[in-house]
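*Asks:* Sending over model33.cif (mmCIF, C-alpha atoms and all ligand atoms).
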data_final
loop_
_atom_site.label_atom_id
_atom_site.label_comp_id
_atom_site.auth_asym_id
_atom_site.auth_seq_id
_atom_site.Cartn_x
_atom_site.Cartn_y
_atom_site.Cartn_z
CA MET A 1 15.43 -17.12 0.58
CA THR A 2 15.19 -14.68 3.48
CA GLY A 3 15.58 -10.93 3.28
CA ILE A 4 13.97 -7.59 3.92
CA LEU A 5 12.65 -5.56 1.02
CA LEU A 6 11.83 -1.95 1.87
CA THR A 7 8.80 -0.92 -0.19
CA HIS A 8 9.82 2.75 0.24
CA HIS A 9 11.95 4.95 2.46
CA HIS A 10 9.34 6.48 4.81
CA THR A 11 10.26 6.08 8.47
CA ASP A 12 7.09 4.15 9.36
CA HIS A 13 8.24 1.44 6.92
CA ILE A 14 11.89 1.13 7.95
CA GLY A 15 11.75 1.59 11.71
CA LEU A 16 12.71 -1.92 12.78
CA VAL A 17 15.41 -2.66 10.21
CA ASN A 18 18.35 -1.60 12.41
CA ARG A 19 17.02 -3.69 15.30
CA ILE A 20 16.43 -6.77 13.16
CA VAL A 21 19.81 -6.71 11.43
CA SER A 22 21.59 -6.10 14.74
CA THR A 23 20.56 -9.61 15.83
CA HIS A 24 20.09 -11.44 12.50
CA THR A 25 22.33 -11.64 9.46
CA ILE A 26 19.81 -10.82 6.82
CA PRO A 27 20.12 -8.91 3.54
CA VAL A 28 18.19 -5.66 3.11
CA TYR A 29 16.99 -4.56 -0.32
CA ALA A 30 15.67 -1.22 -1.58
CA HIS A 31 15.12 0.66 -4.82
CA PRO A 32 18.26 2.55 -5.96
CA ASN A 33 16.41 5.88 -5.51
CA ALA A 34 16.01 5.13 -1.79
CA ILE A 35 19.67 4.71 -0.89
CA LEU A 36 20.74 8.34 -0.31
CA ILE A 37 17.80 9.12 1.94
CA LEU A 38 18.03 5.81 3.82
CA LYS A 39 21.69 6.59 4.47
CA ARG A 40 20.82 10.22 5.37
CA ASP A 41 23.43 11.44 2.86
CA THR A 42 24.36 14.98 3.96
CA GLU A 43 24.42 16.57 0.49
CA TYR A 44 21.13 14.95 -0.47
CA ILE A 45 19.45 16.09 2.76
CA LYS A 46 20.74 19.64 2.20
CA MET A 47 19.32 19.63 -1.33
CA ARG A 48 15.92 18.44 -0.02
CA VAL A 49 15.80 21.08 2.71
CA GLU A 50 16.61 23.79 0.14
CA PHE A 51 13.93 22.44 -2.22
CA PHE A 52 11.23 22.66 0.48
CA ARG A 53 12.45 26.05 1.72
CA LYS A 54 11.99 27.49 -1.80
CA LEU A 55 8.71 25.67 -2.39
CA TYR A 56 7.12 26.93 0.85
CA GLN A 57 8.30 30.45 0.06
CA GLU A 58 6.86 30.34 -3.47
CA MET A 59 3.57 29.00 -2.14
CA GLY A 60 3.36 31.81 0.42
CA CYS A 61 3.42 29.49 3.43
CA GLY A 62 4.96 32.20 5.65
CA GLU A 63 5.82 31.29 9.21
CA ILE A 64 4.29 27.82 8.98
CA GLY A 65 6.56 27.04 6.01
CA GLU A 66 9.59 28.33 7.89
CA LYS A 67 8.68 26.12 10.83
CA GLN A 68 8.39 23.09 8.53
CA VAL A 69 11.85 23.79 7.10
CA ALA A 70 13.24 24.18 10.62
CA ASP A 71 11.72 20.77 11.40
CA LEU A 72 13.64 19.27 8.48
CA HIS A 73 16.79 20.26 10.41
CA ASN A 74 15.35 18.71 13.55
CA PRO A 75 18.01 16.51 15.16
CA ILE A 76 15.35 13.88 15.90
CA ILE A 77 14.53 13.53 12.20
CA LEU A 78 18.20 13.53 11.23
CA SER A 79 19.31 11.33 14.10
CA GLU A 80 21.36 8.19 13.64
CA ASP A 81 18.31 6.20 14.75
CA ASN A 82 16.53 7.06 11.52
CA LYS A 83 19.44 6.09 9.31
CA ILE A 84 19.85 2.54 8.04
CA HIS A 85 23.23 1.38 9.32
CA CYS A 86 23.64 -1.89 7.45
CA GLY A 87 24.54 -2.38 3.82
CA ILE A 88 21.59 -2.01 1.45
CA GLN A 89 21.43 -4.07 -1.72
CA GLN A 90 19.93 -2.17 -4.61
CA ILE A 91 17.15 -3.91 -6.50
CA THR A 92 18.74 -4.25 -9.90
CA ASN A 93 16.33 -6.57 -11.68
CA ASN A 94 12.62 -7.18 -11.65
CA GLN A 95 12.64 -10.43 -9.66
CA LEU A 96 13.21 -11.00 -5.95
CA PHE A 97 12.08 -13.76 -3.54
CA GLY A 98 10.10 -15.29 -6.44
CA PHE A 99 8.08 -12.08 -6.84
CA ASP A 100 7.98 -9.66 -9.74
CA ILE A 101 9.21 -6.28 -8.57
CA LEU A 102 7.26 -3.34 -10.00
CA GLU A 103 8.31 0.29 -9.74
CA ILE A 104 5.28 2.25 -8.48
CA PRO A 105 6.43 5.82 -7.72
CA GLY A 106 4.04 8.54 -6.60
CA HIS A 107 3.60 8.08 -2.87
CA ALA A 108 7.41 7.94 -2.77
CA PRO A 109 9.89 8.12 -5.68
CA ASP A 110 11.44 4.81 -4.62
CA GLN A 111 8.27 2.82 -3.98
CA VAL A 112 8.10 -0.76 -5.27
CA ALA A 113 5.44 -3.48 -5.24
CA LEU A 114 5.93 -7.25 -5.12
CA TYR A 115 3.67 -9.35 -7.30
CA ASN A 116 3.21 -13.10 -7.24
CA LYS A 117 1.53 -14.27 -10.44
CA GLU A 118 0.58 -17.71 -9.14
CA CYS A 119 -1.21 -16.50 -5.99
CA LYS A 120 -2.25 -13.22 -7.66
CA TRP A 121 -1.02 -11.43 -4.56
CA LEU A 122 0.34 -7.91 -4.65
CA PHE A 123 2.27 -6.20 -1.84
CA THR A 124 1.93 -2.49 -2.56
CA GLY A 125 3.55 -0.49 0.21
CA ASN A 126 1.32 2.58 0.41
CA LEU A 127 0.05 2.70 -3.17
CA LEU A 128 -3.29 1.33 -2.02
CA ILE A 129 -4.74 1.55 1.49
CA GLY A 130 -8.14 0.12 2.37
CA ASN A 131 -9.61 2.68 4.74
CA ILE A 132 -8.03 5.96 3.62
CA PRO A 133 -7.04 7.45 0.25
CA SER A 134 -3.42 6.79 -0.65
CA ASN A 135 -1.53 9.97 -1.40
CA ALA A 136 1.22 11.30 -3.62
CA PHE A 137 3.92 13.28 -1.81
CA ILE A 138 5.75 16.34 -3.11
CA GLU A 139 9.39 15.35 -3.64
CA PRO A 140 12.40 16.69 -5.53
CA ASP A 141 14.31 14.50 -7.95
CA PHE A 142 18.09 14.18 -7.55
CA ASP A 143 18.58 17.51 -9.37
CA GLY A 144 16.24 19.32 -6.98
CA ILE A 145 13.40 19.51 -9.55
CA ARG A 146 9.87 18.79 -8.35
CA THR A 147 8.67 15.37 -9.55
CA LYS A 148 5.22 14.94 -11.08
CA SER A 149 4.21 12.67 -8.24
CA ILE A 150 0.43 12.83 -8.81
CA VAL A 151 0.90 11.78 -12.45
CA GLN A 152 3.25 9.01 -11.26
CA GLN A 153 0.72 7.89 -8.66
CA LYS A 154 -2.01 7.62 -11.30
CA GLN A 155 0.30 5.66 -13.63
CA SER A 156 1.29 3.33 -10.78
CA LEU A 157 -2.36 2.68 -9.93
CA GLU A 158 -3.07 1.96 -13.62
CA LYS A 159 -0.09 -0.39 -13.78
CA CYS A 160 -1.45 -2.42 -10.84
CA LEU A 161 -5.00 -2.29 -12.17
CA SER A 162 -3.76 -3.95 -15.36
CA LEU A 163 -2.57 -6.97 -13.33
CA ASN A 164 -4.87 -9.83 -12.47
CA VAL A 165 -4.74 -9.27 -8.70
CA ASP A 166 -6.91 -11.08 -6.15
CA LEU A 167 -5.49 -9.78 -2.89
CA VAL A 168 -3.53 -6.65 -2.04
CA PHE A 169 -1.34 -6.52 1.07
CA SER A 170 -1.11 -2.85 1.93
CA GLY A 171 1.48 -1.13 4.09
CA HIS A 172 -1.38 -0.13 6.44
CA GLY A 173 -4.62 -1.68 7.59
CA MET A 174 -6.35 -4.85 6.50
CA ILE A 175 -5.74 -7.04 3.47
CA ILE A 176 -7.66 -5.58 0.52
CA GLU A 177 -10.02 -8.18 -0.91
CA ASN A 178 -11.59 -5.96 -3.56
CA PRO A 179 -8.55 -4.22 -5.01
CA ILE A 180 -10.06 -3.69 -8.47
CA ASP A 181 -13.14 -1.90 -7.06
CA LEU A 182 -11.00 0.16 -4.73
ZN ZN B 1 4.84 6.08 3.05
#
Could you show the structure in this file as structure tokens?

*Replies:*
Amino acid sequence: MTGILLTHHHTDHIGLVNRIVSTHTIPVYAHPNAILILKRDTEYIKMRVEFFRKLYQEMGCGEIGEKQVADLHNPIILSEDNKIHCGIQQITNNQLFGFDILEIPGHAPDQVALYNKECKWLFTGNLLIGNIPSNAFIEPDFDGIRTKSIVQQKQSLEKCLSLNVDLVFSGHGMIIENPIDL
């Protein structure tokens, strides 16, 4: 089976999808929580901008915070180029391409990992990166409430630690050969 599974919605992980599907008929899959942002849904984007505007104000970020919010309105960020144009199939069960699909939120609310029990290979998106610490991002949920992304990140790391993994294929850098130690 051939298809593209987006491990999470960040632009550095989805950049080529529009180009690939413009020349190949290939299904694209993502976690249900990724759909509104991948489609740059106007109401959802508005909610996110408002969430960050309030957050930066509460945290006393001043002018820098205001500039960040202005950047969220930036036409480059909101451009059609950054929106996924094709249909996106939502991952509705925990199996795809012969891999177990694991929800691993924290770095992004829609992040998933693919695990192959036979090879003991795990594709983790950005949950684990070899040469730099992986990070949890501040994000609102669909009601505009801040998610506990650091707690989620820790739980996701524990979930993967409990698996019998030999190799981790990260979203960045080299293959991780000592995932348990890391
Ligand atoms: Zn990311």

*Asks:* Within 8 Å of ligand ZN 1 (chain B), which residues of chain A show up? Give each one with its shortest atom-to-atom distance in Å (one decimal) and the two atoms involved, counting only C-alpha atoms and all ligand atoms, rows by chain then rising residue number, as CSV.

*Replies:*
residue,atom,partner,partner_atom,distance
A:His8,CA,B:ZN1,ZN,6.6
A:His9,CA,B:ZN1,ZN,7.2
A:His10,CA,B:ZN1,ZN,4.8
A:Thr11,CA,B:ZN1,ZN,7.7
A:Asp12,CA,B:ZN1,ZN,7.0
A:His13,CA,B:ZN1,ZN,6.9
A:His107,CA,B:ZN1,ZN,6.4
A:Ala108,CA,B:ZN1,ZN,6.6
A:Gly125,CA,B:ZN1,ZN,7.3
A:Asn126,CA,B:ZN1,ZN,5.6

*Asks:* Quick one: of A:Asp181, A:Phe142, A:Asn135, A:Thr23, who's nearest to Tyr44 of chain A, counting all atoms listed in the file?

*Replies:*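 For Tyr44 of chain A, the nearest of the candidates is A:Phe142.
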
*Asks:* For Leu127 of chain A, please output as an MDAnalysis selection string all residues within 10 Å (counting only C-alpha atoms; exclusion window: fewer than 3 positions along the same chain).

*Replies:* chainID A and resid 7 104:108 111:113 123:124 133:136 153:154 156:157 160 170:171

*Asks:* With distances taken over all atoms listed in the file, which residue among A:Ile175, A:Met1, A:Ile84, A:Met59 lies nearest Ala34 of chain A?

*Replies:*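 The answer is A:Ile84, which sits nearest to Ala34 of chain A.
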
*Asks:* For Phe97 of chain A, please output as a PyMOL selection string all residues within 12 Å (counting all atoms listed in the file; exclusion window: fewer than 3 positions along the same chain).

*Replies:* chain A and resi 1-5+27+29+91+93-94+100-101+114-116

*Asks:* Can you spit out the residues from that selection as a tab-separated table (two decimals), in the coordinates of the input, using C-alpha atoms?

*Replies:*
chain	number	residue	atom	x	y	z
A	1	MET	CA	15.43	-17.12	0.58
A	2	THR	CA	15.19	-14.68	3.48
A	3	GLY	CA	15.58	-10.93	3.28
A	4	ILE	CA	13.97	-7.59	3.92
A	5	LEU	CA	12.65	-5.56	1.02
A	27	PRO	CA	20.12	-8.91	3.54
A	29	TYR	CA	16.99	-4.56	-0.32
A	91	ILE	CA	17.15	-3.91	-6.50
A	93	ASN	CA	16.33	-6.57	-11.68
A	94	ASN	CA	12.62	-7.18	-11.65
A	100	ASP	CA	7.98	-9.66	-9.74
A	101	ILE	CA	9.21	-6.28	-8.57
A	114	LEU	CA	5.93	-7.25	-5.12
A	115	TYR	CA	3.67	-9.35	-7.30
A	116	ASN	CA	3.21	-13.10	-7.24

*Asks:* Give me, please, the distance in Å between atom CA of Asp141 of chain A and atom CA of Asn18 of chain A, quoted to one decimal.

*Replies:*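 Result for atom CA of Asp141 of chain A versus atom CA of Asn18 of chain A: 26.3 Å, one decimal.
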
*Asks:* Could you name the residues that touch Val28 of chain A at 9 Å or less, counting only C-alpha atoms, but leaving out those on the same chain fewer than 4 positions away, as a list in words?

*Replies:*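 Once the nearby chain positions are removed, what remains is Gly3, Ile4, Leu5, Leu6, Val17, Val21, Cys86, Gly87, Ile88, Gln89 and Gln90 of chain A.
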
*Asks:* Record the distance separating atom CA of Gln155 of chain A and atom CA of Glu139 of chain A, expressed in Å with one decimal.

*Replies:*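 Taking atom CA of Gln155 of chain A and atom CA of Glu139 of chain A, their separation equals 16.6 Å.
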
*Asks:* Quick check, in Å to one decimal: how far apart do atom CA of His31 of chain A and atom CA of Leu96 of chain A lie?

*Replies:*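 Distance between the two atoms: 11.9 Å.
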
*Asks:* Tell me which of A:Leu36, A:Ile26, A:Ile150, A:Leu72 sits closest to Val49 of chain A, counting all atoms listed in the file.

*Replies:*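 Under the stated criterion, the closest residue is A:Leu72.
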
*Asks:* Using only C-alpha atoms for the distances, tell me which of A:Gly98, A:Pro109, A:Pro140, A:Pro179 is nearest to Ser162 of chain A.

*Replies:*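 Of A:Gly98, A:Pro109, A:Pro140, A:Pro179, the one nearest Ser162 of chain A, counting only C-alpha atoms, is A:Pro179.
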
*Asks:* From (9.7, 24.5, 9.7), in the file's coordinates, out to 12 Å: which residues are reached, counting only C-alpha atoms? Answer as a ChimeraX atom specification.

*Replies:* /A:49-50,52-53,56-57,61-74
